[in-house]
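One file, entry-v1.txt, is given below (compact mmCIF, C-alpha atoms and all ligand atoms).
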```
# COMPACT_ATOMS: atom_id res chain seq x y z
CA MET A 108 23.07 58.34 -195.98
CA ALA A 109 25.56 60.83 -194.58
CA ASP A 110 25.39 64.51 -193.71
CA PRO A 111 27.59 66.49 -191.29
CA SER A 112 24.63 68.66 -190.28
CA PRO A 113 22.68 67.29 -187.27
CA GLU A 114 19.57 69.16 -188.48
CA ARG A 115 19.78 67.48 -191.90
CA ARG A 116 20.39 64.08 -190.30
CA ALA A 117 17.22 64.60 -188.26
CA VAL A 118 15.30 65.35 -191.48
CA ILE A 119 16.74 62.23 -193.11
CA GLY A 120 15.68 60.17 -190.07
CA THR A 121 12.13 61.50 -190.27
CA GLU A 122 11.90 60.84 -194.02
CA LEU A 123 13.26 57.30 -193.70
CA ALA A 124 10.86 56.54 -190.83
CA ARG A 125 7.96 57.86 -192.92
CA ALA A 126 9.05 55.57 -195.78
CA GLY A 127 9.21 52.63 -193.36
CA ARG A 128 12.95 52.15 -193.97
CA ASP A 129 14.84 50.90 -190.94
CA ASP A 130 17.64 49.39 -193.04
CA VAL A 131 19.50 52.65 -193.91
CA ALA A 132 22.47 53.80 -191.82
CA ILE A 133 22.57 57.55 -191.07
CA LEU A 134 26.22 58.59 -190.84
CA ASP A 135 28.19 61.81 -190.24
CA ASP A 136 30.48 62.02 -193.24
CA LEU A 137 32.00 60.38 -196.31
CA GLU A 138 34.77 58.69 -194.32
CA ALA A 139 32.13 56.75 -192.37
CA VAL A 140 30.43 55.80 -195.67
CA LEU A 141 33.70 54.57 -197.18
CA ALA A 142 34.48 52.62 -194.00
CA ALA A 143 31.10 50.87 -194.38
CA GLY A 144 32.36 49.38 -197.66
CA VAL A 145 29.91 50.69 -200.28
CA ASP A 146 30.18 50.14 -204.07
CA GLY A 147 29.27 53.71 -204.99
CA VAL A 148 28.22 57.07 -203.64
CA VAL A 149 25.83 59.83 -204.76
CA LEU A 150 27.10 63.31 -203.84
CA ALA A 151 24.16 65.73 -203.59
CA THR A 152 26.41 68.33 -201.98
CA PRO A 153 27.10 72.03 -202.61
CA PRO A 154 29.52 72.45 -205.55
CA TRP A 155 32.20 73.98 -203.33
CA VAL A 156 32.21 70.73 -201.31
CA THR A 157 31.77 68.20 -204.14
CA PRO A 158 35.31 68.10 -205.70
CA ASP A 159 37.07 67.00 -202.48
CA LEU A 160 34.44 64.35 -201.75
CA ALA A 161 34.40 63.07 -205.34
CA VAL A 162 38.20 62.77 -205.37
CA ARG A 163 38.25 60.93 -202.05
CA ALA A 164 35.55 58.49 -203.18
CA ALA A 165 37.15 57.89 -206.59
CA GLN A 166 40.53 57.31 -204.96
CA ALA A 167 38.85 54.74 -202.71
CA GLY A 168 38.00 52.87 -205.93
CA ILE A 169 34.21 53.23 -205.87
CA ALA A 170 31.78 54.70 -208.42
CA VAL A 171 30.60 58.29 -207.92
CA LEU A 172 27.49 60.14 -209.07
CA ALA A 173 28.38 63.78 -208.35
CA GLU A 174 25.85 66.58 -208.68
CA LYS A 175 26.45 69.42 -211.12
CA PRO A 176 28.25 71.79 -211.34
CA VAL A 177 31.45 69.76 -210.89
CA ALA A 178 32.97 72.71 -209.01
CA PRO A 179 32.14 76.41 -208.52
CA SER A 180 35.05 77.45 -210.77
CA ILE A 181 37.59 76.08 -213.26
CA GLU A 182 40.29 76.69 -210.64
CA ASP A 183 38.38 74.57 -208.09
CA ALA A 184 37.94 71.85 -210.73
CA ASP A 185 41.77 71.52 -210.77
CA ARG A 186 41.21 69.36 -207.68
CA TYR A 187 40.23 66.52 -210.07
CA ARG A 188 43.69 66.52 -211.68
CA VAL A 189 45.08 64.16 -209.02
CA LEU A 190 42.89 61.36 -210.40
CA ASP A 191 44.19 58.85 -212.92
CA ALA A 192 42.19 57.88 -216.02
CA ASP A 193 40.54 54.86 -214.35
CA GLN A 194 39.43 56.92 -211.35
CA ARG A 195 38.06 59.72 -213.58
CA ALA A 196 36.14 57.15 -215.61
CA ARG A 197 34.26 56.11 -212.46
CA ILE A 198 32.71 59.57 -211.96
CA GLN A 199 29.29 60.29 -213.47
CA ILE A 200 27.98 63.87 -213.30
CA GLY A 201 24.38 64.72 -212.36
CA LEU A 202 23.58 66.57 -215.58
CA THR A 203 20.23 64.96 -215.05
CA TYR A 204 18.11 66.47 -217.82
CA ARG A 205 20.41 65.39 -220.65
CA HIS A 206 18.74 61.98 -220.21
CA ASP A 207 15.31 63.36 -221.20
CA PRO A 208 13.68 61.80 -224.31
CA ALA A 209 12.68 65.33 -225.43
CA LEU A 210 16.37 66.09 -226.03
CA ASP A 211 16.73 62.89 -228.08
CA LYS A 212 13.79 64.02 -230.23
CA LEU A 213 15.29 67.51 -230.64
CA ARG A 214 18.70 66.06 -231.52
CA THR A 215 17.11 63.99 -234.30
CA LEU A 216 15.23 67.03 -235.67
CA ILE A 217 18.44 69.08 -235.71
CA LYS A 218 20.61 66.30 -237.16
CA ASP A 219 18.10 65.50 -239.92
CA GLY A 220 17.91 69.20 -240.85
CA ALA A 221 14.11 69.25 -240.36
CA LEU A 222 14.26 72.66 -238.64
CA GLY A 223 16.71 74.02 -241.22
CA ARG A 224 20.29 75.14 -240.78
CA PRO A 225 21.55 77.49 -239.45
CA LEU A 226 19.28 77.78 -236.43
CA LEU A 227 18.63 80.56 -233.95
CA VAL A 228 18.28 79.22 -230.41
CA ARG A 229 16.93 81.22 -227.50
CA ALA A 230 17.25 79.69 -224.03
CA SER A 231 15.55 81.61 -221.21
CA ILE A 232 16.29 79.83 -217.95
CA TYR A 233 14.65 81.25 -214.82
CA ASP A 234 14.42 79.59 -211.41
CA GLU A 235 14.73 80.22 -207.68
CA PRO A 236 12.24 83.06 -207.08
CA ALA A 237 12.84 85.56 -204.25
CA ASP A 238 9.80 84.17 -202.44
CA GLY A 239 10.55 85.46 -198.94
CA ASP A 240 11.19 81.96 -197.49
CA PRO A 241 14.19 82.53 -195.14
CA ALA A 242 15.72 79.06 -195.74
CA HIS A 243 15.50 79.48 -199.52
CA ASP A 244 16.88 83.05 -199.22
CA ARG A 245 19.89 81.67 -197.30
CA LEU A 246 20.49 78.90 -199.88
CA ILE A 247 20.38 81.31 -202.83
CA THR A 248 22.40 84.18 -201.30
CA GLU A 249 25.02 81.65 -200.13
CA THR A 250 25.13 79.97 -203.56
CA LEU A 251 25.56 83.36 -205.29
CA LYS A 252 28.79 83.78 -203.27
CA HIS A 253 30.08 80.91 -205.39
CA GLY A 254 29.02 82.27 -208.77
CA SER A 255 26.12 83.75 -210.74
CA PRO A 256 23.23 81.61 -212.06
CA VAL A 257 25.19 80.78 -215.23
CA ILE A 258 27.62 78.68 -213.16
CA HIS A 259 24.78 76.64 -211.66
CA GLU A 260 22.22 76.50 -214.51
CA GLY A 261 24.75 76.74 -217.36
CA ALA A 262 26.03 73.32 -216.28
CA HIS A 263 22.80 71.87 -217.69
CA VAL A 264 22.19 74.22 -220.62
CA PHE A 265 25.69 74.18 -222.13
CA ASP A 266 25.72 70.39 -221.79
CA TRP A 267 22.41 70.17 -223.72
CA LEU A 268 23.66 72.54 -226.43
CA THR A 269 26.96 70.68 -226.88
CA SER A 270 25.11 67.38 -227.14
CA LEU A 271 22.50 68.83 -229.55
CA PHE A 272 24.97 70.55 -231.89
CA GLY A 273 27.86 68.11 -231.61
CA GLY A 274 30.48 70.53 -230.30
CA PRO A 275 31.16 73.28 -227.77
CA GLY A 276 30.09 76.89 -228.22
CA GLU A 277 32.23 80.00 -228.72
CA ILE A 278 31.13 83.01 -226.68
CA ASP A 279 30.58 86.17 -228.73
CA ASP A 280 29.13 88.56 -226.16
CA ALA A 281 27.84 88.63 -222.60
CA TRP A 282 25.97 90.83 -220.10
CA ALA A 283 24.99 90.77 -216.44
CA LEU A 284 22.64 92.66 -214.11
CA THR A 285 22.22 92.71 -210.33
CA THR A 286 18.59 93.60 -209.61
CA ARG A 287 18.84 93.58 -205.78
CA PRO A 288 21.54 95.42 -203.79
CA GLY A 289 23.90 93.34 -201.70
CA LEU A 290 23.92 90.14 -203.78
CA ALA A 291 27.38 88.56 -204.08
CA ALA A 292 27.02 88.02 -207.86
CA PRO A 293 24.73 89.27 -210.63
CA ASN A 294 21.40 87.42 -210.49
CA LEU A 295 20.64 87.95 -214.20
CA ILE A 296 23.26 87.05 -216.79
CA GLY A 297 23.34 86.05 -220.42
CA GLY A 298 25.22 85.97 -223.65
CA ARG A 299 25.42 85.16 -227.33
CA LEU A 300 27.29 82.07 -228.49
CA THR A 301 28.06 80.35 -231.77
CA TYR A 302 27.64 76.58 -231.91
CA PRO A 303 28.20 74.45 -235.01
CA GLY A 304 25.14 75.41 -237.09
CA ALA A 305 23.50 77.74 -234.55
CA THR A 306 23.52 81.21 -233.05
CA VAL A 307 22.46 80.88 -229.42
CA LEU A 308 21.08 83.56 -227.10
CA VAL A 309 21.08 82.43 -223.47
CA GLU A 310 19.81 84.14 -220.35
CA PHE A 311 19.84 82.83 -216.80
CA GLY A 312 17.90 84.47 -213.99
CA TRP A 313 17.40 83.83 -210.27
CA TYR A 314 15.93 85.68 -207.43
CA THR A 315 13.42 88.17 -208.72
CA PRO A 316 10.03 88.01 -206.95
CA ILE A 317 8.31 87.12 -210.22
CA LEU A 318 10.19 84.99 -212.73
CA PRO A 319 9.70 85.12 -216.52
CA GLY A 320 8.89 81.88 -218.33
CA CYS A 321 11.50 79.18 -218.73
CA VAL A 322 11.63 78.12 -222.39
CA LEU A 323 13.99 77.13 -225.19
CA ILE A 324 13.17 77.82 -228.84
CA PHE A 325 14.91 76.55 -231.96
CA VAL A 326 13.91 78.36 -235.17
CA GLY A 327 15.14 78.00 -238.73
CA ASP A 328 14.08 77.80 -242.34
CA GLY A 329 12.33 74.45 -241.72
CA GLY A 330 10.23 75.48 -238.72
CA LEU A 331 10.15 76.02 -234.98
CA ALA A 332 10.65 73.73 -231.98
CA THR A 333 9.66 74.97 -228.53
CA LEU A 334 10.83 73.17 -225.41
CA ASP A 335 8.98 74.08 -222.23
CA GLY A 336 11.74 74.53 -219.63
CA GLY A 337 9.54 73.30 -216.78
CA SER A 338 7.95 70.16 -218.22
CA PHE A 339 10.22 69.51 -221.22
CA GLY A 340 7.04 69.16 -223.29
CA LEU A 341 8.15 69.69 -226.90
CA THR A 342 6.10 71.43 -229.61
CA VAL A 343 7.27 71.10 -233.20
CA GLU A 344 5.88 73.22 -236.05
CA LEU A 345 7.42 72.32 -239.40
CA ALA A 346 6.54 74.38 -242.48
CA GLY A 347 3.44 72.96 -244.22
CA ARG A 348 2.95 70.21 -241.61
CA PRO A 349 0.51 69.90 -238.70
CA LEU A 350 1.75 71.02 -235.30
CA GLN A 351 3.04 68.12 -233.18
CA ARG A 352 3.25 67.94 -229.40
CA TYR A 353 5.47 65.47 -227.58
CA GLU A 354 4.71 64.92 -223.90
CA PHE A 355 6.70 62.32 -222.00
CA GLN A 356 5.71 60.44 -218.84
CA PRO A 357 6.05 60.56 -215.88
CA ASP A 358 6.95 64.17 -214.95
CA ARG A 359 10.31 65.57 -216.05
CA ALA A 360 12.15 65.27 -212.72
CA THR A 361 11.00 61.70 -212.05
CA ARG A 362 11.78 60.40 -215.54
CA CYS A 363 15.18 62.11 -215.69
CA PHE A 364 16.32 61.13 -212.19
CA ASP A 365 15.12 57.56 -212.91
CA ARG A 366 17.11 57.44 -216.16
CA GLN A 367 20.13 58.93 -214.39
CA ALA A 368 19.85 56.21 -211.71
CA VAL A 369 19.76 53.52 -214.42
CA ARG A 370 22.95 54.99 -215.93
CA PHE A 371 24.57 54.94 -212.50
CA ALA A 372 23.57 51.29 -212.08
CA ASP A 373 25.32 50.63 -215.43
CA LEU A 374 28.43 52.39 -214.13
CA LEU A 375 28.36 50.32 -210.93
CA ALA A 376 28.16 47.22 -213.11
CA GLY A 377 31.34 48.29 -214.95
CA GLY A 378 29.84 50.47 -217.71
CA ARG A 379 30.81 53.94 -218.94
CA ALA A 380 30.11 57.13 -216.96
CA GLU A 381 27.61 59.26 -218.85
CA PRO A 382 27.71 62.21 -218.53
CA SER A 383 31.40 62.06 -217.72
CA LEU A 384 33.58 64.30 -215.56
CA ASP A 385 34.97 65.80 -218.79
CA ASP A 386 31.40 66.68 -219.88
CA GLY A 387 30.86 68.45 -216.55
CA ILE A 388 34.16 70.34 -216.81
CA ALA A 389 33.40 71.39 -220.42
CA ALA A 390 30.06 72.92 -219.33
CA LEU A 391 31.79 74.66 -216.41
CA ILE A 392 34.43 76.18 -218.72
CA THR A 393 31.76 77.73 -220.98
CA SER A 394 29.79 78.95 -217.93
CA GLN A 395 32.79 80.59 -216.28
CA ARG A 396 34.04 82.20 -219.50
CA LEU A 397 30.62 83.72 -220.08
CA GLN A 398 30.53 84.98 -216.48
CA GLN A 399 34.03 86.45 -216.81
CA LEU A 400 33.16 88.27 -220.04
CA ALA A 401 29.87 89.53 -218.58
CA THR A 402 31.48 90.95 -215.45
CA SER A 403 34.85 92.04 -216.81
CA ALA A 404 34.00 95.60 -217.86
CA GLY A 405 31.92 96.87 -214.96
CA THR A 406 28.91 95.58 -213.08
CA ASN A 407 26.51 95.75 -216.02
CA ARG A 408 28.79 94.31 -218.69
N1 LIG B 501 20.69 67.72 -211.18
C1 LIG B 501 19.77 68.61 -210.83
O1 LIG B 501 18.83 68.81 -211.54
C2 LIG B 501 19.90 69.33 -209.52
C3 LIG B 501 18.78 69.90 -208.91
C4 LIG B 501 18.95 70.54 -207.68
C5 LIG B 501 20.21 70.64 -207.10
N2 LIG B 501 21.27 70.10 -207.75
C6 LIG B 501 22.63 70.16 -207.18
O2 LIG B 501 22.62 69.35 -206.01
C7 LIG B 501 23.54 69.88 -205.08
C8 LIG B 501 22.84 70.06 -203.75
O3 LIG B 501 21.82 71.04 -203.89
P1 LIG B 501 20.75 71.27 -202.75
O4 LIG B 501 19.82 72.30 -203.23
O5 LIG B 501 20.21 69.94 -202.31
O6 LIG B 501 21.68 71.88 -201.59
P2 LIG B 501 21.48 71.83 -200.03
O7 LIG B 501 22.41 72.87 -199.47
O8 LIG B 501 20.03 71.88 -199.68
O9 LIG B 501 21.99 70.37 -199.62
C9 LIG B 501 23.35 70.03 -199.61
C10 LIG B 501 23.57 69.05 -198.46
O10 LIG B 501 24.94 68.66 -198.48
C11 LIG B 501 25.33 68.54 -197.11
N3 LIG B 501 26.78 68.56 -197.01
C12 LIG B 501 27.61 69.64 -196.94
N4 LIG B 501 28.88 69.24 -196.80
C13 LIG B 501 28.86 67.88 -196.79
C14 LIG B 501 29.87 66.89 -196.66
N5 LIG B 501 31.16 67.22 -196.52
N6 LIG B 501 29.48 65.59 -196.67
C15 LIG B 501 28.18 65.24 -196.81
N7 LIG B 501 27.18 66.14 -196.94
C16 LIG B 501 27.53 67.44 -196.92
C17 LIG B 501 24.67 69.71 -196.43
O11 LIG B 501 24.64 69.58 -195.02
C18 LIG B 501 23.28 69.66 -197.06
O12 LIG B 501 22.42 68.80 -196.35
C19 LIG B 501 24.08 71.18 -205.67
O13 LIG B 501 25.33 70.92 -206.28
C20 LIG B 501 23.05 71.53 -206.74
O14 LIG B 501 23.62 72.25 -207.82
C21 LIG B 501 21.13 69.45 -208.93
```
What is this structure when it is put down as structure tokens?
Ligand SMILES: NC(=O)c1ccc[n+]([C@@H]2O[C@H](COP(=O)([O-])OP(=O)(O)OC[C@H]3O[C@@H](n4cnc5c(N)ncnc54)[C@H](O)[C@@H]3O)[C@@H](O)[C@H]2O)c1
Amino acid sequence: MADPSPERRAVIGTELARAGRDDVAILDDLEAVLAAGVDGVVLATPPWVTPDLAVRAAQAGIAVLAEKPVAPSIEDADRYRVLDADQRARIQIGLTYRHDPALDKLRTLIKDGALGRPLLVRASIYDEPADGDPAHDRLITETLKHGSPVIHEGAHVFDWLTSLFGGPGEIDDAWALTTRPGLAAPNLIGGRLTYPGATVLVEFGWYTPILPGCVLIFVGDGGLATLDGGSFGLTVELAGRPLQRYEFQPDRATRCFDRQAVRFADLLAGGRAEPSLDDGIAALITSQRLQQLATSAGTNR
């Protein structure tokens, strides 16, 4: 494990000791990790740091699991252009929740036409409350310097939508609001998009003291599917049929990070990166375009 911050290295040391692990090296930076001769690396780093590290690791010939978003902007993602096709193919992106079985179930419902077509989708994504914790305040205000919540949360949501509807969305309209003075970017932002077979209303919100619910709904002539944004419990109500609930075990984060780790093990064994770097860049492009449209005509547009 490597981190340039002595405070973070101390935390890692404490956690490893608590887990009874005395077989993990705690290093200062990626160069030291590469020098140790590893087969792959997981980059759980801020997005403004990730592209350089991912490029260095891929150029060293090892597999990379890089956290989303792939970069804070499309311009920053240009950093990946130096990689050849083989090196790009060794980078998996941490779009963790695309691995959830609830999305597989939804994809089947949409593909089979059970919910009808076209569909209206509403995705309300709220996280990171302004809870007065100074460390969390610092993380969120720093992250907002590198883009509004759509850059960070849109990475997931636009990836889900593309995988559910089989193609990328076109942005029709966008808006943004800054509810607290002094923030580097709007903390509430949203838009309307057209996907193949769906009109999609998205809203992303961070950093209000009380957050609205986090939920995605899919409604059409066949019925309604409701995906709880926290648990990914799925409720399906089809016309004339009994309501069905799908709950998956264990909890959402554990099952998705476990599935992501299995995919990474496949990549290490020579398999395909899924989600790929191109998937991560595609989600970033939609996120940034929405942010640009939302902020192009004044602070509230
Ligand atoms: N997939 C998901 O569901 C999910 C969930 C949470 C966070 N994330 C992503 O994970 C990333 C990290 O988020 P976080 O909340 O843990 O941030 P964080 O700021 O708490 O942690 C980032 C760590 O990276 C370290 N770091 C910075 N530069 C480094 C370098 N050059 N080499 C090695 N380490 C370095 C920092 O010291 C820090 O310890 C972000 O990109 C975030 O978007 C993804």
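Using only C-alpha atoms, the smallest distance between any of A:Val343, A:Cys321, A:Val131, A:Ala401 and Ile119 of chain A comes from A:Val131.
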When distances are computed from only C-alpha atoms, which of A:Thr269, A:Gln199, A:Thr306, A:Gln166 shows the smallest separation from Leu150 of chain A? A:Gln199
Pairwise distance for atom CA of Ile247 of chain A and atom CA of Glu235 of chain A, rounded to one decimal in Å: 7.5 Å
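Compared by their closest atoms to ligand LIG 501 (chain B), and using all atoms listed in the file, the residues A:Ser403, A:Ser338, A:Thr203, A:Thr285 rank with A:Thr203 nearest.
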Using all atoms listed in the file, which protein or nucleic acid residues are at most 8 Å from ligand LIG 501 (chain B), as a VMD selection string? chain A and resid 109 to 112 115 to 116 135 to 137 150 to 154 156 to 157 160 174 to 177 201 to 204 246 259 263 360 364
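If you look at atom CA of Ser270 of chain A and atom CA of Val326 of chain A, they are 17.6 Å away from each other.
Between atom CA of Arg186 of chain A and atom CA of Ala170 of chain A the interatomic distance comes to 17.4 Å.
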Generate the missing atoms of segment 379-403 of chain A up to N, CA and C atoms and report them as an mmCIF file, in the frame of the given file.
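File produced: rebuild37.cif:
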```cif
data_model
loop_
_atom_site.group_PDB
_atom_site.id
_atom_site.type_symbol
_atom_site.label_atom_id
_atom_site.label_comp_id
_atom_site.auth_asym_id
_atom_site.auth_seq_id
_atom_site.Cartn_x
_atom_site.Cartn_y
_atom_site.Cartn_z
ATOM 1 N N ARG A 379 30.184 52.629 -218.720
ATOM 2 C CA ARG A 379 30.810 53.940 -218.940
ATOM 3 C C ARG A 379 30.048 55.014 -218.179
ATOM 4 N N ALA A 380 30.774 56.016 -217.642
ATOM 5 C CA ALA A 380 30.110 57.130 -216.960
ATOM 6 C C ALA A 380 29.535 58.081 -218.000
ATOM 7 N N GLU A 381 28.222 58.307 -217.930
ATOM 8 C CA GLU A 381 27.610 59.260 -218.850
ATOM 9 C C GLU A 381 26.508 60.026 -218.138
ATOM 10 N N PRO A 382 26.628 61.363 -218.039
ATOM 11 C CA PRO A 382 27.710 62.210 -218.530
ATOM 12 C C PRO A 382 28.984 62.033 -217.702
ATOM 13 N N SER A 383 30.109 62.288 -218.353
ATOM 14 C CA SER A 383 31.400 62.060 -217.720
ATOM 15 C C SER A 383 31.870 63.321 -216.979
ATOM 16 N N LEU A 384 32.960 63.145 -216.219
ATOM 17 C CA LEU A 384 33.580 64.300 -215.560
ATOM 18 C C LEU A 384 34.025 65.331 -216.604
ATOM 19 N N ASP A 385 34.550 64.857 -217.736
ATOM 20 C CA ASP A 385 34.970 65.800 -218.790
ATOM 21 C C ASP A 385 33.775 66.603 -219.318
ATOM 22 N N ASP A 386 32.606 65.950 -219.446
ATOM 23 C CA ASP A 386 31.400 66.680 -219.880
ATOM 24 C C ASP A 386 31.074 67.790 -218.882
ATOM 25 N N GLY A 387 31.166 67.461 -217.588
ATOM 26 C CA GLY A 387 30.860 68.450 -216.550
ATOM 27 C C GLY A 387 31.854 69.601 -216.562
ATOM 28 N N ILE A 388 33.127 69.278 -216.779
ATOM 29 C CA ILE A 388 34.160 70.340 -216.810
ATOM 30 C C ILE A 388 33.961 71.214 -218.052
ATOM 31 N N ALA A 389 33.615 70.611 -219.186
ATOM 32 C CA ALA A 389 33.400 71.390 -220.420
ATOM 33 C C ALA A 389 32.278 72.416 -220.207
ATOM 34 N N ALA A 390 31.180 71.990 -219.574
ATOM 35 C CA ALA A 390 30.060 72.920 -219.330
ATOM 36 C C ALA A 390 30.487 74.018 -218.359
ATOM 37 N N LEU A 391 31.308 73.662 -217.375
ATOM 38 C CA LEU A 391 31.790 74.660 -216.410
ATOM 39 C C LEU A 391 32.684 75.698 -217.096
ATOM 40 N N ILE A 392 33.526 75.245 -218.026
ATOM 41 C CA ILE A 392 34.430 76.180 -218.720
ATOM 42 C C ILE A 392 33.602 77.216 -219.487
ATOM 43 N N THR A 393 32.589 76.768 -220.233
ATOM 44 C CA THR A 393 31.760 77.730 -220.980
ATOM 45 C C THR A 393 31.044 78.668 -220.001
ATOM 46 N N SER A 394 30.518 78.126 -218.910
ATOM 47 C CA SER A 394 29.790 78.950 -217.930
ATOM 48 C C SER A 394 30.703 80.024 -217.345
ATOM 49 N N GLN A 395 31.897 79.615 -216.941
ATOM 50 C CA GLN A 395 32.790 80.590 -216.280
ATOM 51 C C GLN A 395 33.292 81.637 -217.274
ATOM 52 N N ARG A 396 33.574 81.212 -218.511
ATOM 53 C CA ARG A 396 34.040 82.200 -219.500
ATOM 54 C C ARG A 396 32.950 83.228 -219.757
ATOM 55 N N LEU A 397 31.716 82.768 -219.856
ATOM 56 C CA LEU A 397 30.620 83.720 -220.080
ATOM 57 C C LEU A 397 30.522 84.676 -218.879
ATOM 58 N N GLN A 398 30.608 84.118 -217.670
ATOM 59 C CA GLN A 398 30.530 84.980 -216.480
ATOM 60 C C GLN A 398 31.675 85.988 -216.458
ATOM 61 N N GLN A 399 32.884 85.537 -216.820
ATOM 62 C CA GLN A 399 34.030 86.450 -216.810
ATOM 63 C C GLN A 399 33.830 87.575 -217.816
ATOM 64 N N LEU A 400 33.367 87.233 -219.023
ATOM 65 C CA LEU A 400 33.160 88.270 -220.040
ATOM 66 C C LEU A 400 32.057 89.230 -219.589
ATOM 67 N N ALA A 401 31.008 88.695 -218.993
ATOM 68 C CA ALA A 401 29.870 89.530 -218.580
ATOM 69 C C ALA A 401 30.248 90.498 -217.475
ATOM 70 N N THR A 402 31.176 90.123 -216.625
ATOM 71 C CA THR A 402 31.480 90.950 -215.450
ATOM 72 C C THR A 402 32.825 91.645 -215.567
ATOM 73 N N SER A 403 33.478 91.535 -216.720
ATOM 74 C CA SER A 403 34.850 92.040 -216.810
ATOM 75 C C SER A 403 34.916 93.552 -216.978
#
```
